[in-house]
Amino acid sequence: MLKQYPMLRYVLQKAFWYLLTFVVAVAINFTLPRMGENNPVDIIMGKAAQGLSPEEAKLKKEGLLKAFGMAELDDQGNVVYEPEVDEKGQMKTVKVPKLDENGAPVLKTVKVTDADGNPVMEERQAVDAEGNPVFEEKPVLDKKGNPVMVKDPKTKKKVEKIEKIAVMEQVQVERQDTVMIDQVVVKDDPKLASGISQFFVYIGNVFKGDLGLSYSQYPKPVADIIKESVPWTLAIQAPTILLGWIIGNLLGAFAAYKRGIFDKVFFPLAMFLNGIPFFVFGMLLVALFSITLGWFPAMGAYSPDIPELSFNWNCIKSVGFYYVLPFFSVFPILLSGQATGMRSMSIYELGTDYMKYAKWLGLREGKIISYVFRNAMLPQLTGLAQSLGTMVGGALITEMIFSYPGLGMAMLTAIQQNDYATIQGCTLMISTCVLVANFAVDVLIAVFDPRVKAGLQMGGK
């Protein structure tokens, strides 16, 4: 069915290979922190377990293992602990108190014996079947052994005085004791899930946007750090890349077509700017406009007098004021690079036979420039894809110079603090952006380049 739609087949094939590349990148990201003796949870626990009791540390570690998908769980979702075994391979057990549903120890009544195992006896008042104490009646005797006589209140006759005496018996001593049960001794560390299971959990978390927890800013998720940093990076990179690409290509094509004095001035200037590294140009701008002239601030993204960002005029003005130097430290260099590349491609296109034929036909100058621009632009699309793909991490040096709170500064801070989770989350995002940008450009080239489109229609891949 796809043979009837060559463009759709081409897009699906490209999408498959880019998706496979993304899975490989995720696999590498998963494997690297687990190659050593430590794992992400051990690294976090080394910093987060300070000041916790053993029970609190155990619960925190179980929660982290669940969050990272590293622990093996039972049917109820609880972390599994492996039992300890002795030399014979049998599970070790220990006696522990049995607890009721309220967590209180269960008690039982036991008979007391001495060291030889003989019962310890004591004299105790006898009780009947209902638990009532048993008494017996005996006449009261005087010193001579004769019954003591008293007057009966009812009959007014003298009768023997009777007293009740408790019936005593010898019984074995009893005491209350705690019910003890055998409990299997388990290892201190939970049982880890298999590597395959951990990998699929990790992939699932990645597709859900869960990139783990930062080691240096625990318990802050890496995704939150990226969300806070990426807008600042895009604010510098996106306008400079897009404007530099558009204006640079237009100026490069115009210089190649017009030549003359414009090209003699523009081309050397573009070559000079293209040879200056970003960080050198940025430091020159700081030295001139911040330190010497004092026109613009040297670092930061907005004034320290602003407590938090909001959409009000003072905040927008401050952000724009601090944005000037970072923007112009990147924009001229990107523009000059695109312009020199476009100029070379345009000169090549102007020398082709079809362009000479177009001039002989007397086509309008604007039409000829449009042909030159369209054909020379195709190789430039690849450069645009690379620039767009790496723009979320390409401003590292610029952000370092101006202390701009973008993704580059977040990666630098993570590198300085060995925060592997944040480093890998940032690099995975950069890899994803590169893949998406290259895929988009592959599709655009297939749409705009008639040679690729003709090859697809003829059955090419």
# chains A, B, ... in the order shown; residues from 1 in each chain; ligands from 1
call {"tool": "residues_around", "arguments": {"residues": "Gly406 of chain A", "least_positions_apart": "2", "cutoff": "8 Å", "atoms": "only C-alpha atoms", "output": "number ranges by chain"}}
result
A: 228-233, 399, 404, 408-410
call {"tool": "select_by_dssp", "arguments": {"residues": "segment 170-284 of chain A", "states": "strand (DSSP E)", "output": "JSON, numbers by chain"}}
result
{"A": [170, 171, 172, 174, 175, 176, 177, 178, 180, 181, 182, 183, 184]}
call {"tool": "atom_distance", "arguments": {"atom1": "atom CA of Ser336 of chain A", "atom2": "atom CA of Lys264 of chain A"}}
result
14.3 Å
call {"tool": "residues_around", "arguments": {"residues": "segment 309-318 of chain A", "least_positions_apart": "5", "cutoff": "12 Å", "atoms": "only C-alpha atoms", "output": "MDAnalysis selection string"}}
result
chainID A and resid 228 296:297 300:304 323:324
call {"tool": "write_last_selection", "arguments": {"atoms": "C-alpha atoms", "output": "compact mmCIF listing (two decimals), in the first residue's frame"}}
result
# COMPACT_ATOMS: atom_id res chain seq x y z
CA GLU A 228 13.26 26.23 34.54
CA PHE A 296 24.84 47.25 30.02
CA PRO A 297 25.08 44.81 32.96
CA GLY A 300 22.52 37.93 35.21
CA ALA A 301 19.16 37.68 33.45
CA TYR A 302 17.30 40.49 35.22
CA SER A 303 17.81 43.06 37.95
CA PRO A 304 18.32 41.75 41.51
CA TYR A 323 19.34 40.31 27.20
CA VAL A 324 21.17 42.74 24.85
call {"tool": "closest_residue", "arguments": {"among": "A:Lys161, A:Gly145, A:Ala57, A:Ile181", "to": "Pro105 of chain A", "atoms": "only C-alpha atoms"}}
result
A:Ile181
call {"tool": "residues_around", "arguments": {"residues": "Phe199 of chain A", "least_positions_apart": "2", "cutoff": "9 Å", "atoms": "only C-alpha atoms", "output": "ChimeraX atom specification"}}
result
/A:27,30-31,69-70,194-197,201-204
call {"tool": "write_last_selection", "arguments": {"atoms": "N, CA, C and O atoms", "output": "mmCIF file, in the first residue's frame"}}
result
data_model
loop_
_atom_site.group_PDB
_atom_site.id
_atom_site.type_symbol
_atom_site.label_atom_id
_atom_site.label_comp_id
_atom_site.auth_asym_id
_atom_site.auth_seq_id
_atom_site.Cartn_x
_atom_site.Cartn_y
_atom_site.Cartn_z
ATOM 1 N N ALA A 27 19.202 3.992 26.050
ATOM 2 C CA ALA A 27 19.905 2.833 26.613
ATOM 3 C C ALA A 27 21.279 3.238 27.152
ATOM 4 O O ALA A 27 21.691 2.796 28.224
ATOM 5 N N PHE A 30 20.821 5.078 30.313
ATOM 6 C CA PHE A 30 20.464 4.168 31.396
ATOM 7 C C PHE A 30 21.683 3.408 31.910
ATOM 8 O O PHE A 30 21.843 3.192 33.111
ATOM 9 N N THR A 31 22.575 3.020 30.998
ATOM 10 C CA THR A 31 23.673 2.125 31.357
ATOM 11 C C THR A 31 24.803 2.839 32.087
ATOM 12 O O THR A 31 25.375 2.295 33.035
ATOM 13 N N GLY A 69 12.603 2.611 39.718
ATOM 14 C CA GLY A 69 12.275 1.330 39.108
ATOM 15 C C GLY A 69 13.363 0.301 39.266
ATOM 16 O O GLY A 69 13.520 -0.584 38.423
ATOM 17 N N MET A 70 14.141 0.367 40.356
ATOM 18 C CA MET A 70 15.282 -0.519 40.542
ATOM 19 C C MET A 70 14.990 -1.670 41.489
ATOM 20 O O MET A 70 15.761 -2.627 41.541
ATOM 21 N N SER A 194 15.838 -7.095 37.863
ATOM 22 C CA SER A 194 16.776 -7.439 36.801
ATOM 23 C C SER A 194 17.061 -6.209 35.937
ATOM 24 O O SER A 194 16.282 -5.251 35.904
ATOM 25 N N GLY A 195 18.185 -6.242 35.238
ATOM 26 C CA GLY A 195 18.550 -5.122 34.386
ATOM 27 C C GLY A 195 17.523 -4.854 33.294
ATOM 28 O O GLY A 195 17.234 -3.695 32.967
ATOM 29 N N ILE A 196 16.951 -5.915 32.724
ATOM 30 C CA ILE A 196 15.937 -5.744 31.673
ATOM 31 C C ILE A 196 14.710 -5.052 32.239
ATOM 32 O O ILE A 196 14.156 -4.125 31.632
ATOM 33 N N SER A 197 14.285 -5.477 33.419
ATOM 34 C CA SER A 197 13.112 -4.858 34.047
ATOM 35 C C SER A 197 13.369 -3.390 34.356
ATOM 36 O O SER A 197 12.529 -2.525 34.094
ATOM 37 N N VAL A 201 11.390 -0.019 32.751
ATOM 38 C CA VAL A 201 10.817 0.998 33.642
ATOM 39 C C VAL A 201 11.419 2.358 33.335
ATOM 40 O O VAL A 201 10.713 3.384 33.298
ATOM 41 N N TYR A 202 12.727 2.395 33.078
ATOM 42 C CA TYR A 202 13.398 3.657 32.766
ATOM 43 C C TYR A 202 12.859 4.256 31.465
ATOM 44 O O TYR A 202 12.599 5.461 31.383
ATOM 45 N N ILE A 203 12.679 3.412 30.448
ATOM 46 C CA ILE A 203 12.133 3.905 29.178
ATOM 47 C C ILE A 203 10.729 4.457 29.392
ATOM 48 O O ILE A 203 10.369 5.520 28.860
ATOM 49 N N GLY A 204 9.924 3.734 30.172
ATOM 50 C CA GLY A 204 8.578 4.225 30.456
ATOM 51 C C GLY A 204 8.598 5.569 31.156
ATOM 52 O O GLY A 204 7.808 6.464 30.828
#
call {"tool": "atom_distance", "arguments": {"atom1": "atom CA of Arg124 of chain A", "atom2": "atom CA of Pro147 of chain A"}}
result
28.3 Å
call {"tool": "select_by_dssp", "arguments": {"residues": "segment 168-395 of chain A", "states": "helix (DSSP H, G or I)", "output": "ChimeraX atom specification"}}
result
/A:195-207,222-258,260-274,278-292,313-350,353-360,365-389
call {"tool": "atom_distance", "arguments": {"atom1": "atom CA of Met271 of chain A", "atom2": "atom CA of Ser346 of chain A"}}
result
16.2 Å
call {"tool": "residues_around", "arguments": {"residues": "segment 75-92 of chain A", "least_positions_apart": "4", "cutoff": "6 Å", "atoms": "only C-alpha atoms", "output": "ChimeraX atom specification"}}
result
/A:184-187,190-191
call {"tool": "write_last_selection", "arguments": {"atoms": "N, CA, C and O atoms", "output": "PDB file, in the first residue's frame"}}
result
ATOM      1  N   VAL A 184      12.125 -14.798  59.619  1.00  0.00           N
ATOM      2  CA  VAL A 184      13.258 -14.999  58.721  1.00  0.00           C
ATOM      3  C   VAL A 184      14.143 -13.756  58.743  1.00  0.00           C
ATOM      4  O   VAL A 184      13.661 -12.624  58.642  1.00  0.00           O
ATOM      5  N   VAL A 185      15.449 -13.949  58.868  1.00  0.00           N
ATOM      6  CA  VAL A 185      16.410 -12.850  58.835  1.00  0.00           C
ATOM      7  C   VAL A 185      16.642 -12.460  57.373  1.00  0.00           C
ATOM      8  O   VAL A 185      16.997 -13.307  56.543  1.00  0.00           O
ATOM      9  N   VAL A 186      16.415 -11.175  57.045  1.00  0.00           N
ATOM     10  CA  VAL A 186      16.590 -10.706  55.669  1.00  0.00           C
ATOM     11  C   VAL A 186      17.816  -9.820  55.577  1.00  0.00           C
ATOM     12  O   VAL A 186      18.318  -9.304  56.581  1.00  0.00           O
ATOM     13  N   LYS A 187      18.296  -9.628  54.368  1.00  0.00           N
ATOM     14  CA  LYS A 187      19.461  -8.781  54.127  1.00  0.00           C
ATOM     15  C   LYS A 187      19.097  -7.316  54.334  1.00  0.00           C
ATOM     16  O   LYS A 187      17.941  -6.932  54.239  1.00  0.00           O
ATOM     17  N   PRO A 190      17.500  -4.023  49.893  1.00  0.00           N
ATOM     18  CA  PRO A 190      16.412  -4.680  49.147  1.00  0.00           C
ATOM     19  C   PRO A 190      16.941  -5.422  47.922  1.00  0.00           C
ATOM     20  O   PRO A 190      18.038  -5.154  47.428  1.00  0.00           O
ATOM     21  N   LYS A 191      16.129  -6.331  47.431  1.00  0.00           N
ATOM     22  CA  LYS A 191      16.482  -7.082  46.229  1.00  0.00           C
ATOM     23  C   LYS A 191      16.238  -6.210  45.006  1.00  0.00           C
ATOM     24  O   LYS A 191      15.150  -5.659  44.829  1.00  0.00           O
TER      25      LYS A 191
END
call {"tool": "residues_around", "arguments": {"residues": "Pro332 of chain A", "least_positions_apart": "2", "cutoff": "12 Å", "atoms": "only C-alpha atoms", "output": "PyMOL selection string"}}
result
chain A and resi 239-241+243-245+247-248+269-278+281-282+325-330+334-339
call {"tool": "residues_around", "arguments": {"residues": "Gln416 of chain A", "least_positions_apart": "4", "cutoff": "10 Å", "atoms": "only C-alpha atoms", "output": "PDB file with C-alpha atoms, in the first residue's frame"}}
result
ATOM      1  CA  SER A 216      22.819  18.007  43.986  1.00  0.00           C
ATOM      2  CA  MET A 411      24.821  21.508  33.114  1.00  0.00           C
ATOM      3  CA  LEU A 412      27.917  23.319  34.358  1.00  0.00           C
TER       4      LEU A 412
END
call {"tool": "closest_residue", "arguments": {"among": "A:Ile333, A:Ala256, A:Leu213, A:Val110", "to": "Asp419 of chain A", "atoms": "only C-alpha atoms"}}
result
A:Leu213
call {"tool": "closest_atom_pairs", "arguments": {"of": "segment 165-216 of chain A", "to": "segment 425-430 of chain A", "cutoff": "12 Å", "atoms": "only C-alpha atoms", "output": "CSV"}}
result
residue,atom,partner,partner_atom,distance
A:Asn205,CA,A:Gly425,CA,11.8
A:Val206,CA,A:Gly425,CA,9.3
A:Phe207,CA,A:Met429,CA,11.7
A:Gly209,CA,A:Gly425,CA,10.0
A:Asp210,CA,A:Gly425,CA,9.3
A:Leu211,CA,A:Gly425,CA,5.8
A:Gly212,CA,A:Gly425,CA,8.0
A:Leu213,CA,A:Gly425,CA,9.7
A:Ser214,CA,A:Gly425,CA,9.4
A:Tyr215,CA,A:Gly425,CA,12.0
call {"tool": "closest_residue", "arguments": {"among": "A:Ala421, A:Leu378, A:Ile28, A:Val11", "to": "Ile226 of chain A", "atoms": "only C-alpha atoms"}}
result
A:Ala421
call {"tool": "decode", "arguments": {"residues": "segment 139-151 of chain A", "atoms": "all heavy atoms", "output": "compact mmCIF listing (two decimals), in the first residue's frame"}}
result
# COMPACT_ATOMS: atom_id res chain seq x y z
N PRO A 139 -16.68 -24.08 113.92
CA PRO A 139 -17.05 -23.38 115.15
C PRO A 139 -15.84 -22.71 115.78
O PRO A 139 -14.72 -23.21 115.70
CB PRO A 139 -17.58 -24.50 116.06
CG PRO A 139 -16.94 -25.75 115.53
CD PRO A 139 -16.78 -25.55 114.06
N VAL A 140 -16.12 -21.58 116.45
CA VAL A 140 -15.05 -20.86 117.14
C VAL A 140 -14.85 -21.47 118.52
O VAL A 140 -15.83 -21.70 119.26
CB VAL A 140 -15.39 -19.36 117.25
CG1 VAL A 140 -14.28 -18.61 117.98
CG2 VAL A 140 -15.63 -18.78 115.87
N LEU A 141 -13.64 -21.78 118.89
CA LEU A 141 -13.33 -22.40 120.18
C LEU A 141 -12.61 -21.41 121.06
O LEU A 141 -11.89 -20.53 120.58
CB LEU A 141 -12.44 -23.64 119.94
CG LEU A 141 -13.02 -24.73 119.00
CD1 LEU A 141 -12.01 -25.84 118.80
CD2 LEU A 141 -14.33 -25.27 119.54
N ASP A 142 -12.85 -21.59 122.35
CA ASP A 142 -12.12 -20.73 123.29
C ASP A 142 -10.78 -21.36 123.60
O ASP A 142 -10.38 -22.35 122.96
CB ASP A 142 -12.94 -20.51 124.56
CG ASP A 142 -13.31 -21.82 125.26
OD1 ASP A 142 -12.70 -22.87 124.88
OD2 ASP A 142 -14.18 -21.81 126.12
N LYS A 143 -10.10 -20.83 124.68
CA LYS A 143 -8.77 -21.32 125.01
C LYS A 143 -8.78 -22.76 125.49
O LYS A 143 -7.80 -23.49 125.35
CB LYS A 143 -8.13 -20.43 126.06
CG LYS A 143 -7.86 -19.01 125.55
CD LYS A 143 -7.24 -18.15 126.64
CE LYS A 143 -6.97 -16.74 126.15
NZ LYS A 143 -6.36 -15.89 127.19
N LYS A 144 -9.89 -23.16 126.08
CA LYS A 144 -9.96 -24.53 126.59
C LYS A 144 -10.45 -25.51 125.56
O LYS A 144 -10.57 -26.71 125.82
CB LYS A 144 -10.90 -24.56 127.80
CG LYS A 144 -10.39 -23.75 128.99
CD LYS A 144 -11.36 -23.84 130.15
CE LYS A 144 -10.87 -23.06 131.35
NZ LYS A 144 -11.81 -23.14 132.50
N GLY A 145 -10.77 -25.01 124.32
CA GLY A 145 -11.24 -25.89 123.28
C GLY A 145 -12.73 -26.08 123.27
O GLY A 145 -13.25 -26.91 122.50
N ASN A 146 -13.43 -25.33 124.06
CA ASN A 146 -14.88 -25.45 124.08
C ASN A 146 -15.50 -24.47 123.09
O ASN A 146 -14.97 -23.37 122.86
CB ASN A 146 -15.41 -25.13 125.49
CG ASN A 146 -14.87 -26.12 126.53
OD1 ASN A 146 -14.77 -27.32 126.24
ND2 ASN A 146 -14.50 -25.62 127.69
N PRO A 147 -16.60 -24.85 122.49
CA PRO A 147 -17.25 -23.94 121.53
C PRO A 147 -17.71 -22.66 122.22
O PRO A 147 -18.19 -22.69 123.35
CB PRO A 147 -18.44 -24.75 121.02
CG PRO A 147 -18.13 -26.16 121.32
CD PRO A 147 -17.31 -26.17 122.57
N VAL A 148 -17.52 -21.57 121.49
CA VAL A 148 -17.99 -20.28 122.00
C VAL A 148 -19.45 -20.14 121.63
O VAL A 148 -19.83 -20.32 120.47
CB VAL A 148 -17.15 -19.13 121.40
CG1 VAL A 148 -17.68 -17.78 121.85
CG2 VAL A 148 -15.67 -19.28 121.78
N MET A 149 -20.30 -19.83 122.67
CA MET A 149 -21.74 -19.75 122.47
C MET A 149 -22.15 -18.28 122.32
O MET A 149 -21.65 -17.40 123.01
CB MET A 149 -22.48 -20.37 123.65
CG MET A 149 -22.08 -21.81 123.95
SD MET A 149 -22.35 -22.93 122.57
CE MET A 149 -24.15 -22.96 122.55
N VAL A 150 -23.06 -18.01 121.38
CA VAL A 150 -23.61 -16.66 121.16
C VAL A 150 -25.11 -16.78 121.02
O VAL A 150 -25.66 -17.87 120.74
CB VAL A 150 -23.01 -16.02 119.90
CG1 VAL A 150 -21.51 -15.76 120.06
CG2 VAL A 150 -23.28 -16.85 118.67
N LYS A 151 -25.86 -15.71 121.29
CA LYS A 151 -27.32 -15.70 121.21
C LYS A 151 -27.72 -15.48 119.74
O LYS A 151 -27.26 -14.56 119.09
CB LYS A 151 -27.90 -14.59 122.08
CG LYS A 151 -29.42 -14.58 122.12
CD LYS A 151 -29.95 -13.42 122.91
CE LYS A 151 -29.63 -13.63 124.40
NZ LYS A 151 -30.31 -12.59 125.24
